[in-house]
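**Q** Before anything else, here's the structure in question.
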Amino acid sequence: MRVLNVAEKNDAAKALANVMAAGRARRREGKSVYNKVYEWEMHLLNTNCDMVMTSVSGHLMDLEFAGPFRSWNSCPPVSLFDCPINKIVPDNMKPIKQTLETEIRRCTCLVLWTDGDREGEDIAYEIASVCQGVKRNIDIYRARFSEITPVSINRACRELGRLDDATVDAVEARQELDFRIGCAFTRFQTMHLRRTFPVTLSGQSVVSYGPCQFPTLGFVVDRYKQVQAFIPEGFFKIRVLYASEE
């Protein structure tokens with residue numbers, strides 16, 4: 001049986017392959033110059049397997065608005081809250097996508113070795129989606145591990161599970177909210193402020209808004225105010241000197 005394994009980053013793929021192959025993994029090039037392919041043989045899923053390991057570089061997909069809503073002047077910003085959106089593989093990730101498509105054609109199953117957090121679960125889902133586009137019925141497993149050590153990786157190989165759909169849905173919902181809110185308010189305030197301050201804000205200037213930007217800006221401003229309001233005060237410290245009888 002031939003198994004495609006995919007990690008979240010090339011460094012992780014290399015380390016995982018070295019652990020599972022006991023340092024005897026063979027390396028070759030993929031479609032992406034940054035994401036290599038490693039091969040070795042081992043026992044997995046109660047059978048002898050030809051293992052193939054490659055990687056992505058974080059999230060494989062981005063969100064974009066459907067055609068007519070991409071232009072800033074095509075619709076009012078408020079329409080971005082419920083207009084159609086698509087999840088696409090951007091151009092800089094297409095070589096990685098091509099590697100996955102090429103490798104999965106010769107494989108019987110897919111094992112996802114992305115990080116164990118929520119983002120890792122969604123990245124695993126994106127990888128699975130690309131592979132299912134080539135092989136709809138490919139058998140998909142999720143490896144869960146906390147560190148890249150022989151003990152942790154061997155346990156993950158023995159206890160392969162499945163993707164957590166609820167976690168994936170939670171991440172996808174958060175991504176869509178961030179995308180819609182950020183784009184709608186960025187367009188709204190940029191167009192409004194360009195009309196209000198035409199000299200200060202040229203036609204190329206963008207006043208961005210993001211759900212994380214404003215709280216972060218608040219932290220920065222609060223800290224700045226604390227520094228500006230700081231009044232130096234004298235302080236004392238105790239210094240003890242002692243001599244040994246010896």
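Chain labels run A, B, ... following the order of the structure tokens; each chain numbers its residues from 1, and ligands are numbered from 1 in the order shown.
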Could you list, with a cut-off of 12 Å and counting only C-alpha atoms, the residues of stretch 125-220 of chain A near stretch 5-9 of chain A, each shown with its nearest atom pair and the distance in Å rounded to one decimal, rows sorted by chain and ascending number, as a Markdown table?

**A**
```
| residue | atom | partner | partner_atom | distance |
| --- | --- | --- | --- | --- |
| A:Tyr125 | CA | A:Val6 | CA | 11.4 |
| A:Glu126 | CA | A:Glu8 | CA | 11.0 |
| A:Ile127 | CA | A:Val6 | CA | 7.9 |
| A:Ala128 | CA | A:Val6 | CA | 9.6 |
| A:Val130 | CA | A:Val6 | CA | 11.9 |
| A:Cys131 | CA | A:Val6 | CA | 10.7 |
| A:Asp139 | CA | A:Asn5 | CA | 12.0 |
| A:Ile140 | CA | A:Asn5 | CA | 10.0 |
| A:Tyr141 | CA | A:Asn5 | CA | 9.4 |
| A:Arg142 | CA | A:Asn5 | CA | 9.8 |
| A:Ala143 | CA | A:Asn5 | CA | 9.5 |
| A:Arg144 | CA | A:Ala7 | CA | 11.4 |
| A:Phe145 | CA | A:Ala7 | CA | 11.7 |
| A:Ile148 | CA | A:Ala7 | CA | 11.6 |
| A:Cys157 | CA | A:Asn5 | CA | 11.3 |
```

**Q** At a cut-off of 10 Å, using only C-alpha atoms, what residues contact A:Arg70? Leave out same-chain residues fewer than 6 positions from it and give the result as a VMD selection string.

**A** chain A and resid 64 80 85

**Q** Write out as a PyMOL selection string the set of residues from stretch 19-212 of chain A that DSSP, computed on the backbone, places in strand (DSSP E).

**A** chain A and resi 26-28+37-44+47-55+62-65+85-88+109-113+139-142

**Q** Which residue is closest to A:Val111? Choose from A:Gly161, A:Pro215, A:Gly67, A:Gly58 and count only C-alpha atoms.

**A**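 Ranked by minimum distance to A:Val111, first place goes to A:Gly161.
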
**Q** Given the choices A:Asp117, A:Asp165, A:Asp82, A:Glu233, which gets closest to A:Arg180 if the distance is worked out from only C-alpha atoms?

**A**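 Looking only at the distances to A:Arg180, the closest residue turns out to be A:Asp82.
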
**Q** Can you tell me, as a PyMOL selection string, what residues are no more than 7 Å from A:Pro84 when counting only C-alpha atoms, ignoring any on the same chain fewer than 2 positions away?

**A** chain A and resi 65-66+82+86

**Q** Those same residues, written as a JSON list (two decimals), in the first residue's frame with all heavy atoms?

**A**
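Saved to out_9.json:
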```
[["chain", "number", "residue", "atom", "x", "y", "z"],
["A", 65, "PHE", "N", -14.18, 37.11, -2.85],
["A", 65, "PHE", "CA", -15.58, 37.35, -3.21],
["A", 65, "PHE", "C", -15.84, 36.89, -4.64],
["A", 65, "PHE", "O", -14.93, 36.87, -5.48],
["A", 65, "PHE", "CB", -15.90, 38.84, -3.10],
["A", 65, "PHE", "CG", -15.90, 39.34, -1.68],
["A", 65, "PHE", "CD1", -14.94, 40.24, -1.24],
["A", 65, "PHE", "CD2", -16.85, 38.91, -0.77],
["A", 65, "PHE", "CE1", -14.93, 40.70, 0.06],
["A", 65, "PHE", "CE2", -16.85, 39.35, 0.54],
["A", 65, "PHE", "CZ", -15.88, 40.25, 0.96],
["A", 66, "ALA", "N", -17.08, 36.49, -4.90],
["A", 66, "ALA", "CA", -17.47, 36.10, -6.25],
["A", 66, "ALA", "C", -17.31, 37.31, -7.18],
["A", 66, "ALA", "O", -17.41, 38.46, -6.75],
["A", 66, "ALA", "CB", -18.91, 35.60, -6.26],
["A", 82, "ASP", "N", -23.24, 39.39, 2.97],
["A", 82, "ASP", "CA", -23.99, 38.19, 2.58],
["A", 82, "ASP", "C", -23.83, 37.82, 1.11],
["A", 82, "ASP", "O", -24.55, 36.98, 0.61],
["A", 82, "ASP", "CB", -25.47, 38.36, 2.91],
["A", 82, "ASP", "CG", -26.08, 39.62, 2.27],
["A", 82, "ASP", "OD1", -25.39, 40.25, 1.45],
["A", 82, "ASP", "OD2", -27.22, 39.95, 2.61],
["A", 86, "ASN", "N", -15.86, 32.50, -2.38],
["A", 86, "ASN", "CA", -15.25, 31.24, -2.81],
["A", 86, "ASN", "C", -13.96, 31.01, -2.04],
["A", 86, "ASN", "O", -13.28, 31.96, -1.63],
["A", 86, "ASN", "CB", -14.94, 31.29, -4.31],
["A", 86, "ASN", "CG", -16.17, 31.52, -5.15],
["A", 86, "ASN", "OD1", -17.21, 30.92, -4.93],
["A", 86, "ASN", "ND2", -16.07, 32.42, -6.13]]
```

**Q** List the neighbours of A:Ala17 out to 12 Å using only C-alpha atoms; skip same-chain residues closer than 5 positions along the sequence, and give me the result as a PyMOL selection string.

**A** chain A and resi 4-7+10-12+22-27+36-42+51-55+113+148-150+153-154

**Q** As a ChimeraX atom specification, which residues of stretch 58-195 of chain A does DSSP assign to helix (DSSP H, G or I)?

**A** /A:67-69,77-81,91-104,118-134,150-158,165-195

**Q** I'd like to know which of A:Ala124, A:Gln204, A:Pro95, A:Arg118 is closest to A:Arg162, using only C-alpha atoms.

**A** A:Ala124

**Q** Need to verify the contact set: A:Ile104, 9 Å, only C-alpha atoms, exclusion of same-chain residues closer than 4 positions in sequence. Can you return it as a PyMOL selection string?

**A** chain A and resi 3-4+99-100+108-110+131-132+134-135+138

**Q** Next, write the just-selected residues to a file, as a PDB file, in the first residue's frame, keeping N, CA, C and O atoms as the atom set.

**A**
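Output contents, as saved in selection_6.pdb:
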```
ATOM      1  N   VAL A   3       1.134   5.267   0.785  1.00  0.00           N
ATOM      2  CA  VAL A   3       0.477   6.231   1.661  1.00  0.00           C
ATOM      3  C   VAL A   3       1.082   7.608   1.471  1.00  0.00           C
ATOM      4  O   VAL A   3       2.307   7.775   1.545  1.00  0.00           O
ATOM      5  N   LEU A   4       0.233   8.620   1.247  1.00  0.00           N
ATOM      6  CA  LEU A   4       0.696  10.006   1.191  1.00  0.00           C
ATOM      7  C   LEU A   4       0.523  10.636   2.564  1.00  0.00           C
ATOM      8  O   LEU A   4      -0.574  10.650   3.127  1.00  0.00           O
ATOM      9  N   THR A  99       1.845  19.329  -6.386  1.00  0.00           N
ATOM     10  CA  THR A  99       2.546  18.202  -5.758  1.00  0.00           C
ATOM     11  C   THR A  99       1.548  17.246  -5.121  1.00  0.00           C
ATOM     12  O   THR A  99       1.634  16.026  -5.296  1.00  0.00           O
ATOM     13  N   LEU A 100       0.584  17.785  -4.372  1.00  0.00           N
ATOM     14  CA  LEU A 100      -0.425  16.940  -3.738  1.00  0.00           C
ATOM     15  C   LEU A 100      -1.215  16.144  -4.777  1.00  0.00           C
ATOM     16  O   LEU A 100      -1.458  14.939  -4.605  1.00  0.00           O
ATOM     17  N   THR A 108      -3.014   5.036  -1.907  1.00  0.00           N
ATOM     18  CA  THR A 108      -4.260   4.405  -1.479  1.00  0.00           C
ATOM     19  C   THR A 108      -4.941   5.193  -0.374  1.00  0.00           C
ATOM     20  O   THR A 108      -6.164   5.200  -0.272  1.00  0.00           O
ATOM     21  N   CYS A 109      -4.142   5.846   0.485  1.00  0.00           N
ATOM     22  CA  CYS A 109      -4.729   6.619   1.570  1.00  0.00           C
ATOM     23  C   CYS A 109      -3.874   7.835   1.879  1.00  0.00           C
ATOM     24  O   CYS A 109      -2.731   7.958   1.429  1.00  0.00           O
ATOM     25  N   LEU A 110      -4.448   8.740   2.673  1.00  0.00           N
ATOM     26  CA  LEU A 110      -3.838  10.021   3.024  1.00  0.00           C
ATOM     27  C   LEU A 110      -3.768  10.129   4.543  1.00  0.00           C
ATOM     28  O   LEU A 110      -4.756   9.897   5.231  1.00  0.00           O
ATOM     29  N   CYS A 131      -6.854  16.800  -2.283  1.00  0.00           N
ATOM     30  CA  CYS A 131      -6.639  15.398  -2.648  1.00  0.00           C
ATOM     31  C   CYS A 131      -7.935  14.723  -3.088  1.00  0.00           C
ATOM     32  O   CYS A 131      -7.937  13.900  -4.025  1.00  0.00           O
ATOM     33  N   GLN A 132      -9.045  15.070  -2.441  1.00  0.00           N
ATOM     34  CA  GLN A 132     -10.332  14.501  -2.842  1.00  0.00           C
ATOM     35  C   GLN A 132     -10.772  15.008  -4.213  1.00  0.00           C
ATOM     36  O   GLN A 132     -11.577  14.360  -4.877  1.00  0.00           O
ATOM     37  N   VAL A 134      -8.927  14.960  -6.689  1.00  0.00           N
ATOM     38  CA  VAL A 134      -8.316  14.006  -7.613  1.00  0.00           C
ATOM     39  C   VAL A 134      -8.863  12.603  -7.375  1.00  0.00           C
ATOM     40  O   VAL A 134      -9.189  11.873  -8.310  1.00  0.00           O
ATOM     41  N   LYS A 135      -8.949  12.222  -6.093  1.00  0.00           N
ATOM     42  CA  LYS A 135      -9.492  10.905  -5.713  1.00  0.00           C
ATOM     43  C   LYS A 135     -10.603  11.121  -4.694  1.00  0.00           C
ATOM     44  O   LYS A 135     -10.348  11.290  -3.511  1.00  0.00           O
ATOM     45  N   ILE A 138     -10.710   8.704  -1.536  1.00  0.00           N
ATOM     46  CA  ILE A 138      -9.455   8.406  -0.861  1.00  0.00           C
ATOM     47  C   ILE A 138      -9.693   8.260   0.641  1.00  0.00           C
ATOM     48  O   ILE A 138     -10.468   9.018   1.243  1.00  0.00           O
TER      49      ILE A 138
END
```

**Q** I'd like the contact shell of A:Ala170 - 12 Å cut-off, only C-alpha atoms, skipping same-chain residues fewer than 5 positions apart - returned as a list of chain:residue names.

**A** A:Arg118, A:Glu119, A:Glu121, A:Asp122, A:Asp164, A:Asp165, A:Gln175, A:Glu176, A:Leu177

**Q** Those residues you just picked out, can you put them in a file as a tab-separated table (two decimals), in the first residue's frame with N, CA and C atoms?

**A**
```tsv
chain	number	residue	atom	x	y	z
A	118	ARG	N	-6.46	24.28	16.35
A	118	ARG	CA	-7.61	24.46	15.45
A	118	ARG	C	-7.18	24.80	14.02
A	119	GLU	N	-6.19	25.70	13.90
A	119	GLU	CA	-5.74	26.06	12.56
A	119	GLU	C	-5.16	24.85	11.85
A	121	GLU	N	-6.12	21.80	12.19
A	121	GLU	CA	-7.24	20.96	11.74
A	121	GLU	C	-7.83	21.49	10.44
A	122	ASP	N	-7.92	22.82	10.33
A	122	ASP	CA	-8.47	23.40	9.10
A	122	ASP	C	-7.50	23.26	7.93
A	164	ASP	N	-11.67	16.24	12.63
A	164	ASP	CA	-12.71	16.73	13.53
A	164	ASP	C	-13.52	17.78	12.78
A	165	ASP	N	-14.67	17.39	12.25
A	165	ASP	CA	-15.49	18.29	11.43
A	165	ASP	C	-15.97	19.50	12.21
A	175	GLN	N	-12.97	32.39	10.00
A	175	GLN	CA	-12.31	32.95	8.82
A	175	GLN	C	-13.28	33.78	7.99
A	176	GLU	N	-14.49	33.26	7.79
A	176	GLU	CA	-15.47	33.99	6.97
A	176	GLU	C	-15.89	35.29	7.64
A	177	LEU	N	-16.09	35.25	8.96
A	177	LEU	CA	-16.45	36.48	9.68
A	177	LEU	C	-15.34	37.51	9.58
```
